[in-house]
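Chemist: Following this line is upload_27.cif, made up of mmCIF, C-alpha atoms:
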```cif
data_input
#
loop_
_atom_site.label_atom_id
_atom_site.label_comp_id
_atom_site.auth_asym_id
_atom_site.auth_seq_id
_atom_site.Cartn_x
_atom_site.Cartn_y
_atom_site.Cartn_z
CA MET Y 708 -16.07 5.33 -27.79
CA VAL Y 709 -16.90 4.72 -24.13
CA SER Y 710 -15.49 7.26 -21.69
CA TYR Y 711 -15.44 7.70 -17.93
CA LEU Y 712 -14.76 10.93 -16.05
CA PRO Y 713 -13.97 10.12 -12.40
CA VAL Y 714 -13.63 12.95 -9.90
CA SER Y 715 -11.85 10.94 -7.19
CA LEU Y 716 -9.09 8.37 -7.10
CA ASN Y 717 -11.38 5.69 -5.70
CA GLU Y 718 -13.83 6.24 -8.55
CA ALA Y 719 -10.99 6.05 -11.10
CA LEU Y 720 -9.80 2.77 -9.57
CA GLU Y 721 -13.31 1.36 -9.75
CA TYR Y 722 -13.49 2.07 -13.48
CA ARG Y 723 -9.99 0.69 -13.98
CA GLY Y 724 -10.83 -2.42 -11.99
CA ALA Y 725 -13.91 -3.09 -14.11
CA GLY Y 726 -11.52 -3.92 -16.94
CA GLY Y 727 -10.77 -2.80 -20.45
CA ALA Y 728 -10.61 0.98 -20.04
CA ILE Y 729 -7.40 2.82 -20.95
CA PRO Y 730 -6.09 5.52 -18.60
CA TYR Y 731 -6.09 8.90 -20.34
CA GLY Y 732 -4.03 11.81 -18.99
CA GLY Y 733 -3.28 14.51 -21.54
CA GLY Y 734 -3.85 12.26 -24.54
CA THR Y 735 -0.93 13.63 -26.55
CA ASP Y 736 -0.01 10.09 -27.63
CA LEU Y 737 -3.39 8.40 -27.40
CA MET Y 738 -5.04 10.96 -29.67
CA ILE Y 739 -2.63 9.98 -32.44
CA LYS Y 740 -3.68 6.34 -32.20
CA GLY Y 741 -7.33 7.37 -32.56
CA ASP Y 742 -8.99 4.10 -31.53
CA LYS Y 743 -12.66 5.04 -31.72
CA ASP Y 744 -13.73 1.70 -30.24
CA ALA Y 745 -11.57 2.00 -27.11
CA ALA Y 746 -12.86 2.84 -23.64
CA TYR Y 747 -11.00 5.61 -21.81
CA ILE Y 748 -10.78 6.81 -18.22
CA PHE Y 749 -10.16 10.56 -18.33
CA LEU Y 750 -8.09 11.31 -15.25
CA HIS Y 751 -7.61 15.08 -15.36
CA LYS Y 752 -10.26 15.73 -12.70
CA VAL Y 753 -8.79 13.31 -10.13
CA PRO Y 754 -7.30 15.63 -7.48
CA GLU Y 755 -5.12 12.92 -5.90
CA MET Y 756 -3.23 12.67 -9.22
CA ARG Y 757 -2.74 16.40 -9.83
CA GLY Y 758 -0.63 17.77 -7.00
CA ILE Y 759 3.09 18.31 -6.43
CA ILE Y 760 3.87 18.11 -2.71
CA GLU Y 761 6.73 17.12 -0.44
CA ASP Y 762 7.00 14.92 2.62
CA ASP Y 763 10.00 13.91 4.72
CA LYS Y 764 11.56 11.77 2.00
CA TYR Y 765 10.08 12.58 -1.40
CA ILE Y 766 8.81 15.13 -3.84
CA ARG Y 767 5.50 13.53 -4.79
CA ILE Y 768 4.43 14.34 -8.33
CA GLY Y 769 0.91 13.39 -9.34
CA ALA Y 770 0.78 11.29 -12.49
CA CYS Y 771 -1.61 13.76 -14.14
CA CYS Y 772 0.64 16.77 -13.59
CA THR Y 773 1.52 18.33 -16.93
CA PHE Y 774 5.03 19.11 -18.06
CA THR Y 775 4.23 22.79 -17.84
CA GLU Y 776 3.25 22.36 -14.20
CA VAL Y 777 6.41 20.39 -13.46
CA ALA Y 778 8.64 22.92 -15.24
CA GLY Y 779 7.16 25.77 -13.22
CA ASN Y 780 7.17 24.17 -9.78
CA PRO Y 781 10.22 24.97 -7.59
CA LEU Y 782 9.71 21.77 -5.58
CA CYS Y 783 10.79 19.75 -8.62
CA PRO Y 784 14.55 19.22 -9.03
CA ALA Y 785 16.25 21.49 -11.54
CA ILE Y 786 17.19 18.59 -13.83
CA LEU Y 787 13.54 17.54 -14.12
CA ARG Y 788 12.38 21.10 -14.78
CA GLU Y 789 14.95 21.43 -17.56
CA ALA Y 790 13.91 18.13 -19.13
CA ALA Y 791 10.24 19.16 -19.00
CA LEU Y 792 11.00 22.39 -20.87
CA GLN Y 793 12.65 20.43 -23.69
CA ILE Y 794 9.62 18.27 -24.36
CA ALA Y 795 7.87 19.08 -27.62
CA ALA Y 796 6.21 22.53 -27.76
CA PRO Y 797 4.20 24.59 -25.23
CA ALA Y 798 0.84 23.28 -26.44
CA ILE Y 799 1.93 19.67 -25.87
CA ARG Y 800 3.60 20.47 -22.55
CA ASN Y 801 0.33 22.04 -21.41
CA LEU Y 802 -1.47 18.72 -21.98
CA GLY Y 803 1.12 15.95 -21.73
CA THR Y 804 1.44 14.33 -18.32
CA ILE Y 805 4.21 12.71 -16.34
CA GLY Y 806 2.20 9.51 -15.89
CA GLY Y 807 1.45 9.28 -19.58
CA ASN Y 808 5.09 9.75 -20.52
CA ILE Y 809 6.13 6.95 -18.18
CA GLY Y 810 3.13 4.74 -18.94
CA ASN Y 811 3.93 4.52 -22.65
CA GLY Y 812 6.79 2.21 -21.77
CA SER Y 813 9.04 3.83 -24.37
CA PRO Y 814 12.80 4.19 -23.81
CA LYS Y 815 12.48 7.47 -25.74
CA ALA Y 816 10.31 9.06 -23.03
CA ASP Y 817 12.01 12.38 -22.27
CA SER Y 818 11.35 12.35 -18.53
CA ALA Y 819 12.36 8.73 -17.92
CA PRO Y 820 16.19 9.14 -17.89
CA VAL Y 821 15.86 11.81 -15.19
CA PHE Y 822 13.69 9.55 -13.03
CA PHE Y 823 16.11 6.64 -13.52
CA ALA Y 824 19.17 8.71 -12.61
CA ALA Y 825 17.40 10.16 -9.57
CA GLY Y 826 16.30 6.75 -8.29
CA ALA Y 827 12.61 7.66 -8.44
CA LYS Y 828 9.86 5.30 -7.38
CA LEU Y 829 6.31 4.87 -8.64
CA ARG Y 830 3.18 4.61 -6.56
CA LEU Y 831 0.81 2.16 -8.25
CA MET Y 832 -2.70 1.59 -6.99
CA SER Y 833 -5.67 -0.65 -7.55
CA LEU Y 834 -8.74 -1.39 -5.46
CA ARG Y 835 -6.85 -4.45 -4.20
CA ALA Y 836 -3.62 -2.88 -3.02
CA GLU Y 837 -0.95 -0.22 -3.31
CA ARG Y 838 2.57 -0.86 -4.60
CA ILE Y 839 5.61 1.39 -4.47
CA ILE Y 840 8.39 0.18 -6.76
CA PRO Y 841 11.62 1.64 -8.16
CA ILE Y 842 11.10 2.93 -11.67
CA LYS Y 843 13.89 0.59 -12.79
CA GLU Y 844 11.64 -2.35 -11.92
CA PHE Y 845 8.65 -0.85 -13.72
CA TYR Y 846 10.15 -1.08 -17.21
CA LEU Y 847 10.35 -4.70 -18.33
CA GLY Y 848 11.09 -4.09 -22.01
CA ARG Y 849 9.89 -1.99 -24.91
CA ASN Y 850 6.23 -1.18 -24.16
CA LYS Y 851 6.27 -3.80 -21.38
CA LEU Y 852 5.48 -2.57 -17.89
CA SER Y 853 5.06 -3.96 -14.40
CA LEU Y 854 1.50 -2.65 -14.35
CA GLU Y 855 -1.47 -4.89 -13.64
CA PRO Y 856 -4.65 -4.46 -15.72
CA ASP Y 857 -6.48 -2.93 -12.74
CA GLU Y 858 -3.65 -0.60 -11.64
CA LEU Y 859 -3.02 3.10 -12.21
CA ILE Y 860 0.19 5.08 -11.94
CA VAL Y 861 -0.82 7.55 -9.22
CA GLU Y 862 2.40 9.34 -8.25
CA VAL Y 863 6.08 9.58 -9.03
CA LEU Y 864 8.19 9.76 -5.87
CA MET Y 865 11.48 11.61 -6.32
CA PRO Y 866 14.05 11.66 -3.51
CA LYS Y 867 14.13 15.11 -1.93
CA HIS Y 868 17.87 15.53 -2.14
CA VAL Y 869 18.53 15.14 -5.85
CA SER Y 870 21.88 16.73 -6.67
CA SER Y 871 21.83 20.28 -7.96
CA ARG Y 872 24.94 19.39 -10.00
CA TYR Y 873 23.51 17.78 -13.08
CA TYR Y 874 23.89 17.36 -16.82
CA TYR Y 875 20.92 16.75 -19.11
CA ARG Y 876 20.96 16.51 -22.89
CA LYS Y 877 18.42 15.48 -25.49
CA VAL Y 878 19.74 14.81 -28.99
CA GLY Y 879 17.15 14.99 -31.77
CA ALA Y 880 16.85 15.73 -35.46
CA ARG Y 881 15.93 19.36 -34.73
CA GLU Y 882 15.79 21.81 -31.86
CA ALA Y 883 12.09 21.41 -31.06
CA LEU Y 884 9.27 18.88 -31.53
CA ALA Y 885 11.86 16.12 -31.93
CA ILE Y 886 11.75 12.52 -30.75
CA SER Y 887 14.95 11.70 -28.90
CA ARG Y 888 17.68 9.93 -30.82
CA VAL Y 889 19.64 9.77 -27.58
CA SER Y 890 18.91 11.33 -24.21
CA PHE Y 891 21.20 11.52 -21.20
CA ALA Y 892 20.83 12.44 -17.54
CA GLY Y 893 23.71 12.63 -15.10
CA LEU Y 894 23.92 13.55 -11.41
CA MET Y 895 27.04 13.89 -9.28
CA ASP Y 896 27.64 15.07 -5.72
CA ILE Y 897 31.17 16.12 -4.81
CA LYS Y 898 31.90 17.17 -1.24
CA GLU Y 899 35.31 18.18 0.08
CA GLY Y 900 36.96 16.85 -3.05
CA ARG Y 901 35.30 13.45 -2.94
CA VAL Y 902 32.63 11.94 -5.22
CA MET Y 903 29.78 11.13 -2.86
CA HIS Y 904 27.26 10.05 -5.51
CA CYS Y 905 27.25 9.43 -9.25
CA ALA Y 906 24.31 8.31 -11.38
CA VAL Y 907 23.86 8.42 -15.15
CA SER Y 908 21.21 7.09 -17.51
CA PHE Y 909 20.78 6.82 -21.26
CA GLY Y 910 17.47 6.91 -23.11
CA ALA Y 911 16.42 5.97 -26.66
CA VAL Y 912 19.31 3.52 -26.95
CA SER Y 913 18.08 0.15 -25.73
CA ASP Y 914 14.71 -1.47 -25.03
CA VAL Y 915 14.75 0.18 -21.61
CA ILE Y 916 16.60 3.12 -20.10
CA ILE Y 917 20.23 2.17 -19.40
CA ARG Y 918 21.09 2.69 -15.73
CA ARG Y 919 24.09 0.85 -14.26
CA ASP Y 920 24.65 1.35 -10.55
CA ASP Y 921 27.55 -1.08 -10.63
CA ILE Y 922 29.49 0.99 -13.15
CA ASP Y 923 28.72 4.30 -11.45
CA ALA Y 924 30.02 2.80 -8.22
CA MET Y 925 33.49 2.87 -9.80
CA LEU Y 926 33.59 6.62 -9.08
CA THR Y 927 31.59 6.80 -5.86
CA GLY Y 928 33.68 7.37 -2.75
CA LYS Y 929 36.81 8.34 -4.65
CA THR Y 930 38.59 11.66 -4.48
CA VAL Y 931 38.47 13.73 -7.65
CA SER Y 932 42.06 12.77 -8.45
CA GLU Y 933 41.27 9.07 -7.87
CA ALA Y 934 38.17 9.37 -10.05
CA LYS Y 935 40.30 10.87 -12.82
CA ALA Y 936 42.67 7.92 -12.52
CA VAL Y 937 39.84 5.40 -13.15
CA LYS Y 938 38.00 7.59 -15.65
CA GLN Y 939 39.12 5.58 -18.67
CA ALA Y 940 38.14 2.30 -17.05
CA TYR Y 941 34.74 3.84 -16.24
CA LEU Y 942 34.28 4.97 -19.85
CA ASN Y 943 35.38 1.55 -21.11
CA ALA Y 944 32.83 -0.16 -18.88
CA TYR Y 945 30.00 1.92 -20.33
CA ASN Y 946 31.34 1.46 -23.84
CA THR Y 947 30.89 -2.27 -23.31
CA ALA Y 948 27.51 -1.94 -21.59
CA ILE Y 949 25.89 0.27 -24.23
CA THR Y 950 24.60 -1.88 -27.07
CA PRO Y 951 22.10 0.17 -29.08
CA ILE Y 952 19.21 -1.59 -30.77
CA ARG Y 953 18.40 -0.94 -34.41
CA GLY Y 954 16.55 2.33 -34.97
CA ARG Y 955 16.06 5.20 -37.40
CA VAL Y 956 19.72 6.15 -37.00
CA SER Y 957 22.63 3.75 -36.86
CA GLU Y 958 23.72 1.91 -33.75
CA LYS Y 959 27.26 3.23 -34.30
CA TYR Y 960 26.05 6.85 -34.29
CA ARG Y 961 23.99 6.47 -31.14
CA LYS Y 962 26.78 4.72 -29.27
CA ALA Y 963 29.22 7.47 -30.25
CA VAL Y 964 26.75 10.10 -29.05
CA CYS Y 965 26.29 8.26 -25.74
CA MET Y 966 30.01 8.14 -25.11
CA ASN Y 967 30.46 11.80 -26.08
CA LEU Y 968 27.71 12.83 -23.68
CA LEU Y 969 29.20 10.73 -20.90
CA GLY Y 970 32.59 12.31 -21.47
CA ASP Y 971 31.07 15.81 -21.47
CA PHE Y 972 29.26 15.03 -18.22
CA LEU Y 973 32.48 13.97 -16.49
CA ALA Y 974 34.29 17.05 -17.78
CA ALA Y 975 31.47 19.30 -16.57
CA MET Y 976 31.79 17.71 -13.12
CA GLY Y 977 35.56 18.25 -13.06
CA ILE Y 978 36.47 14.60 -13.63
#
```
Translate the structure described by the file into structure tokens.

Modeler:
Amino acid sequence: MVSYLPVSLNEALEYRGAGGAIPYGGGTDLMIKGDKDAAYIFLHKVPEMRGIIEDDKYIRIGACCTFTEVAGNPLCPAILREAALQIAAPAIRNLGTIGGNIGNGSPKADSAPVFFAAGAKLRLMSLRAERIIPIKEFYLGRNKLSLEPDELIVEVLMPKHVSSRYYYRKVGAREALAISRVSFAGLMDIKEGRVMHCAVSFGAVSDVIIRRDDIDAMLTGKTVSEAKAVKQAYLNAYNTAITPIRGRVSEKYRKAVCMNLLGDFLAAMGI
């Protein structure tokens, strides 16, 4: 096994640009694969990928931040901190990284529904250029990403004003150390009796996280009473949009769970 241990972002990008080396954050997934012939770039000593800071618009989360660090940082939105605490067990949360969770390209990634609902963006870098893209555009399909061979995920950019009114659920076979059968993240802002913002996402259901701005727009801008009046149409729209792929549990079960979670979210928000 060939390994590289960069101590700066530029050095990491040089190794990545040379071709063939796999980015390695916490290794909680890569260690299972155990490819002894692979070349790895160990990124845990790259300071530009380790911090959690804020600027005028975003909470900037370094791709090599662990779930334990995210869960314990008050800059991170409450919904993300809760999701981080539900990932695996403490030992895995101490190693597993945000960038690794996203970079697997799996719709079962526990953090991904939160980032989709929050409208997060990703900062991707290579020696050639820097790209900032919505996370929705990063996932192209199961294990298919908009990531060039010489690029690294450097930061996740979360909008600073993510709603404090949220609903997050992960449904698994057991309480801990479970792969998601269905995961759900919902955010809603209500001010002076009017829905100012609504965003929901579903994970572990389709090839990519389900996030439908057009359906959520059915509630946005309406008073609570108006939102209640179109609630059934809203639920019907998602019932049509959610088409689970074949998995370890039946499509019928996962769709029923999705709709139950969506209904619980609306009830929790007073809709």

Chemist: Looking at Y:Leu720, Y:Ile729, Y:Val714, Y:Ile949, which one is nearest to Asp914 in chain Y, with distances taken over all atoms listed in the file?

Modeler: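 Closest to Asp914 in chain Y of all the choices is Y:Ile949.
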
Chemist: Starting from the PyMOL selection byres ((chain Y and resi 916) around 12), expand the selection into actual residues of this file and give them as a VMD selection string.

Modeler: chain Y and resid 809 812 to 824 842 to 850 889 to 892 907 to 915 917 to 919 949 to 952

Chemist: Of the candidates Y:Lys764, Y:Arg723, Y:His751, Y:Arg757, which shows the shortest atom-to-atom distance to Ser833 in chain Y, using only C-alpha atoms?

Modeler: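 Of Y:Lys764, Y:Arg723, Y:His751, Y:Arg757, the one nearest Ser833 in chain Y, counting only C-alpha atoms, is Y:Arg723.
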
Chemist: Here is a test: counting only C-alpha atoms, which residue of Y:Met966, Y:Ile805, Y:Leu737, Y:Val956 is nearest to Met756 in chain Y?

Modeler: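 Using only C-alpha atoms, the shortest distance to Met756 in chain Y belongs to Y:Ile805.
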
Chemist: Neighbouring residues of range 767-782 of chain Y were defined as those with any atom within 10 Å, considering all atoms listed in the file; residues of the same chain fewer than 6 positions away were excluded. Please report them as a PyMOL selection string.

Modeler: chain Y and resi 731-733+750-761+788-795+797-810+818+827-830+859-867

Chemist: At what distance in Å, to one decimal, does CA of Gly826 in chain Y lie from CA of Ser715 in chain Y?

Modeler: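 CA of Ser715 in chain Y sits 28.5 Å away from CA of Gly826 in chain Y.
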
Chemist: Taking (-5.0, -0.8, -8.9) in the coordinates of the supplied file, I want to know which residues reach to within 8 Å of it, counting all atoms listed in the file; could you give the answer as a list in words?

Modeler: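 The answer, in the requested form, is Leu720, Arg723, Gly724, Leu831, Met832, Ser833, Leu834, Arg835, Ala836, Glu837, Glu855, Pro856, Asp857, Glu858 and Leu859 of chain Y.
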
Chemist: Report the distance between CA of Pro841 in chain Y and CA of Ala725 in chain Y in Å, rounded to one decimal place.

Modeler: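 Computed distance, CA of Pro841 in chain Y to CA of Ala725 in chain Y, equals 26.6 Å.
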
Chemist: List the residues matched by the PyMOL selection byres ((chain Y and resi 874) around 9) in the displayed structure as a PyMOL selection string, ordered by chain and then by residue number.

Modeler: chain Y and resi 786+872-873+875-876+891-895+971-972+975-976

Chemist: Go ahead and compute the interatomic distance for CA of Asp762 in chain Y and CA of Cys905 in chain Y, in Å to one decimal.

Modeler: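 Between CA of Asp762 in chain Y and CA of Cys905 in chain Y the gap is 24.1 Å.
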
Chemist: How would you write, as a VMD selection string, the residues chosen by the PyMOL selection byres ((chain Y and resi 747) around 7) on this structure?

Modeler: chain Y and resid 709 to 711 728 to 731 745 to 746 748 to 749

Chemist: Return the single residue from Y:Asn946, Y:Val964, Y:Gly726, Y:Pro713 that is closest to Lys877 in chain Y, with distances computed using all atoms listed in the file.

Modeler: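 Going through Y:Asn946, Y:Val964, Y:Gly726, Y:Pro713 one by one, the smallest distance to Lys877 in chain Y is for Y:Val964.
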
Chemist: Give the answer as one residue: which of Y:Pro784, Y:Val931, Y:Val878, Y:Arg888 has the shortest atom-to-atom distance to Gly954 in chain Y, using all atoms listed in the file?

Modeler: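 Of Y:Pro784, Y:Val931, Y:Val878, Y:Arg888, the one nearest Gly954 in chain Y is Y:Arg888, counting all atoms listed in the file.
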
Chemist: Using all atoms listed in the file, which residue out of Y:Thr735, Y:Ala936, Y:Ile978, Y:Asn967 lies closest to Ala796 in chain Y?

Modeler: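 Nearest to Ala796 in chain Y: Y:Thr735.
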